[in-house]
Every structure is written in structure tokens, then in C-alpha cells.
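Okay, so here's the structure we're looking at.
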Amino acid sequence: MSFSRKGFFVFLFLVAFLAFSFAQTFPSRPVPANISAKKIGVNKIELSWTLPENFTAASIAIFRSTSQIEQKSTISAEKPVAEVPAHTTSFTDFLKHFGDYYYALIARDKNGDLFNILLPTVNATVRPVSLLPPDDYLEFSAEAEEQYVPGFLRELPLPYLDLISDLDIKATPMSEKAKKAGKELAGPYAVKKQKLLNPYVFEEDMILSPEGDDFFLFESLKNYFMKKDYKGSVNDLRQFLAITRDSQVMMRAVFYLAESQYYCKNYRACLELFLFTEDFYPELSKKWIDSALDFYKIPEKY
């Protein structure tokens with residue numbers, strides 16, 4: 001058909017033009033506009049959009065699909081992957097599997113109802129964002145009993161792909177003579193003894209969840225971290241992270257693992273892990289990174 005390619009682009013242009021006209025004609029309608037989705041990491045997609053003037057919605061529901069979201073019934077039947085405040089103009093989606101992803105942004109009013117309008121290129125993407133596995137995420141060993149299938153994350157969690165090999169290597173201890181000489185040279189500029197930070201627990205993990213990854217993380221924390229058995233916590237959390245988990249739970253587990261390494265005085269190990277969580281918990285991670293660096297620089301046992 002001669003219409004197939006040329007006609008499609010004409011149709012797409014008309015849809016975009018009508019959508020733009022709609023947004024200009026009804027600027028007060030609660031429809032996020034100019035949706036954009038791009039890959040920013042191995043398992044991360046960043047969404048951004050603009051808001052019309054007098055945007056009156058209470059929140060913005062974010063929908064994700066492996067096929068283009070074209071029908072309102074699709075939105076009605078699915079739960080949003082996230083819901084953000086009405087003033088928000090960006091969102092980072094953490095995914096557990098590779099593949100093609102489409103998104104739609106739907107405003108929710110103060111009564112809790114969705115303003116269910118789908119406008120291609122305005123509040124719904126028309127092109128997929130593809131997450132493809134890099135070669136080093138796949139196993140091709142002839143002796144391996146299990147082969148990892150392209151399209152899925154391997155079971156070993158992301159923090160350990162690059163970091164696990166030498167996290168527990170201890171620094172060569174300084175002799176007492178070297179410590180004494182260092183103190184004498186430092187004189188009045190000697191570093192004062194730092195205080196350890198108090199353990200941090202996320203609100204989500206203070207109440208027992210009835211099922212899923214949240215339940216298993218709660219059990220691990222109850223059995224080790226809360227009892228200040230940080231060595232046991234390191235071992236148990238590593239086992240917990242040895243299989244693919246929900247992205248939110250995974251990041252919290254990595255943070256607890258970093259804390260456990262911190263209290264085990266493995267400061268190099270905890271720094272690597274806190275740096276991994278910094279994008280997800282920027283202010284919180286920075287606080288722990290600063291403290292870990294203070295201890296990492298002090299050539300004494302604490």
C-alpha cells in the first residue's frame with residue numbers, strides 16, 4: 001500500500017497538531033503536556049513533562065506498558081506504577097526487566113477521579129524506550145547449569161556486579177609507632193574522634209508487611225539489624241539481594257547493607273554501597289557518606 005509509510009507520518013502529524021491545538025485551546029484542563037521518556041541507566045528511564053497554566057489536579061498518575069497506551073480502557077483497568085504531586089514535572093522509573101516501555105500521564109482531581117484523556121505525544125508516548133542488556137549482564141559459560149535469558153536482569157543484584165569482589169579487603173593496619181608519629185606531626189590539627197551515626201530505619205520497614213519482598217526484608221531486619229548483629233545482617237542481606245527484588249525494596253536493602261558495613265567498620269565497603277544509593281536517597285546517603293569518609297581517613301581503630 002502506498003499509504004502505509006507516508007500516510008502514517010501524515011496521520012501522526014495531524015494527531016500531534018490536534019493535540020497541540022487542544023492544549024493551547026484548553027490551557028486550564030488538567031492534562032500534562034510534552035511528555036518525554038529517555039533511558040538514563042541500565043535499568044532507569046527518566047520521564048519529564050510540562051504543566052499547563054492553572055493546573056488544578058491533585059496529583060499525576062504515571063502508567064507504564066510494554067505496548068503503546070492508546071485506549072482509555074487500558075488506563076481504567078491498570079494501576080499506576082507511581083503517583084506524584086501535581087507540581088511535579090519529572091520522574092525516574094526503576095525497572096526490573098529489559099524490554100520496550102511506553103508511558104502515559106493522567107491527572108487525578110481532588111475527588112480521586114482520573115481525568116482520563118489520552119493525547120499521543122502530549123501525555124502519552126508513541127515511541128518505546130528500549131532497555132537492552134549489556135553483554136556483561138549475560139552468562140555464556142558452557143559449564144553453567146543455568147543460562148540467563150536475554151531480556152531479563154540476572155539474579156545477582158546490581159550493587160555486587162562491580163563491587164562485591166573486594167569490598168571486604170581490610171586495609172593494612174598501621175603500627176603503633178606510625179600512629180604516634182602521625183599524632184605528633186598533626187599536633188593541634190589532629191582529627192578529633194568522630195561519633196558513629198545512629199541506625200536509620202525507613203518508615204516502610206517499621207511495620208510488618210503481610211507478603212512479598214517487604215515481608216522478607218522486615219524479617220531480615222528483625223533478626224539481625226534491629227538486634228545490632230551487623231555481621232549477621234551483612235550476610236543475610238547479601239543472601240536477600242542474591243535474587244531479583246522489587247526495585248524499591250532492593251534499594252532499601254542495599255542501604256541497610258551499607259549501614260551494616262558501616263557498623264562493621266568496613267568503611268570502604270559501605271562507601272561503595274552508599275554511593276550506589278545516592279541517586280535514590282540523595283540527602284540521606286550524603287550524610288552517611290560524609291560520616292564514613294571521616295572514619296575512613298582516621299588511622300585508628302574505633
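Identifiers for the C-alpha cells are assigned positionally: chains receive A, B, ... in sequence, residues are indexed from 1 per chain, and ligands are indexed from 1 in the order shown.
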*Excluding same-chain residues fewer than 6 positions from range 60-64 of chain A, what lies within 12 Å of it counting only C-alpha atoms, as number ranges by chain?*
A: 30-33, 35, 37, 45-51, 70, 72, 74-95, 100-110, 112-116, 118, 123-125, 128-129
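For Met206 in chain A, the set of protein, DNA and RNA residues having any atom at most 9 Å away, when counting only C-alpha atoms and skipping those fewer than 4 positions along the same chain, is Val201, Phe202 and Phe218 of chain A.
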Written file, previous selection with N, CA and C atoms, as a CSV table (one decimal), in the first residue's frame:
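The file below, result.csv, is the result:
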```csv
chain,number,residue,atom,x,y,z
A,201,VAL,N,16.2,3.6,60.0
A,201,VAL,CA,15.2,2.6,59.5
A,201,VAL,C,14.1,3.4,58.8
A,202,PHE,N,13.8,3.0,57.6
A,202,PHE,CA,12.8,3.6,56.8
A,202,PHE,C,11.4,3.3,57.4
A,218,PHE,N,11.7,-7.2,56.2
A,218,PHE,CA,11.3,-7.0,57.6
A,218,PHE,C,11.9,-8.1,58.5
```
*Pick out the residues sitting within 8 Å of Ser285 in chain A, and hand them over as a list in words; count only C-alpha atoms, and ignore anything fewer than 5 positions along from it in its own chain.*
Phe274, Leu275, Thr277 and Glu278 of chain A
Residues of the last selection are to be written out with C-alpha atoms, as a compact mmCIF listing (two decimals), in the first residue's frame.
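File written: again38.txt
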```txt
# COMPACT_ATOMS: atom_id res chain seq x y z
CA PHE A 274 26.08 4.45 49.86
CA LEU A 275 27.35 5.90 46.57
CA THR A 277 22.04 4.59 46.76
CA GLU A 278 22.86 8.29 46.41
```
*Residues at most 7 Å from range 251-259 of chain A, counting only C-alpha atoms, excluding those fewer than 2 positions away in the same chain, as a PyMOL selection string?*
chain A and resi 234+237+247-249+261-263+270+273-274+277
Could you save those same residues with N, CA and C atoms as a tab-separated table (two decimals), in the first residue's frame?
```
chain	number	residue	atom	x	y	z
A	234	VAL	N	24.92	-8.28	57.45
A	234	VAL	CA	25.64	-8.25	56.17
A	234	VAL	C	25.42	-9.55	55.42
A	237	LEU	N	21.56	-9.96	54.41
A	237	LEU	CA	21.13	-9.04	53.36
A	237	LEU	C	21.76	-9.39	52.02
A	247	SER	N	12.23	-3.05	42.96
A	247	SER	CA	13.27	-2.01	42.94
A	247	SER	C	13.28	-1.16	44.20
A	248	GLN	N	12.10	-0.83	44.74
A	248	GLN	CA	12.05	-0.01	45.96
A	248	GLN	C	12.62	-0.77	47.14
A	249	VAL	N	12.23	-2.05	47.27
A	249	VAL	CA	12.73	-2.87	48.37
A	249	VAL	C	14.23	-3.10	48.21
A	261	GLN	N	27.65	-2.54	57.00
A	261	GLN	CA	29.09	-2.48	56.73
A	261	GLN	C	29.73	-1.33	57.51
A	262	TYR	N	29.00	-0.23	57.62
A	262	TYR	CA	29.47	0.94	58.38
A	262	TYR	C	29.73	0.56	59.84
A	263	TYR	N	28.77	-0.15	60.45
A	263	TYR	CA	28.93	-0.53	61.86
A	263	TYR	C	29.92	-1.68	62.04
A	270	CYS	N	31.11	0.21	52.78
A	270	CYS	CA	29.87	0.98	52.93
A	270	CYS	C	29.86	2.20	52.03
A	273	LEU	N	28.57	1.25	48.63
A	273	LEU	CA	27.13	0.99	48.64
A	273	LEU	C	26.33	2.28	48.82
A	274	PHE	N	26.79	3.17	49.70
A	274	PHE	CA	26.08	4.45	49.86
A	274	PHE	C	26.15	5.28	48.57
A	277	THR	N	23.39	4.16	46.38
A	277	THR	CA	22.04	4.59	46.76
A	277	THR	C	21.86	6.10	46.67
```
*With a distance cut-off of 10 Å and only C-alpha atoms, select the neighbouring residues of range 207-209 of chain A, excluding the residue or stretch itself and same-chain residues fewer than 5 positions from it, and output the selection as a VMD selection string.*
chain A and resid 202 214 to 219 222
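Comparing A:Lys39, A:Glu211, A:Leu196, A:Phe276 by their smallest distance to Leu132 in chain A, the closest is A:Lys39 (using only C-alpha atoms).
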*Considering only C-alpha atoms, state which residue in the set A:Thr66, A:Gln239, A:Ser260, A:Ser233 is at the smallest distance from Asn198 in chain A.*
A:Ser260
_A:Ser67, A:Thr244, A:Asn43, A:Asn266 ranked by distance to Lys231 in chain A, top pick (using only C-alpha atoms)_ = A:Asn266
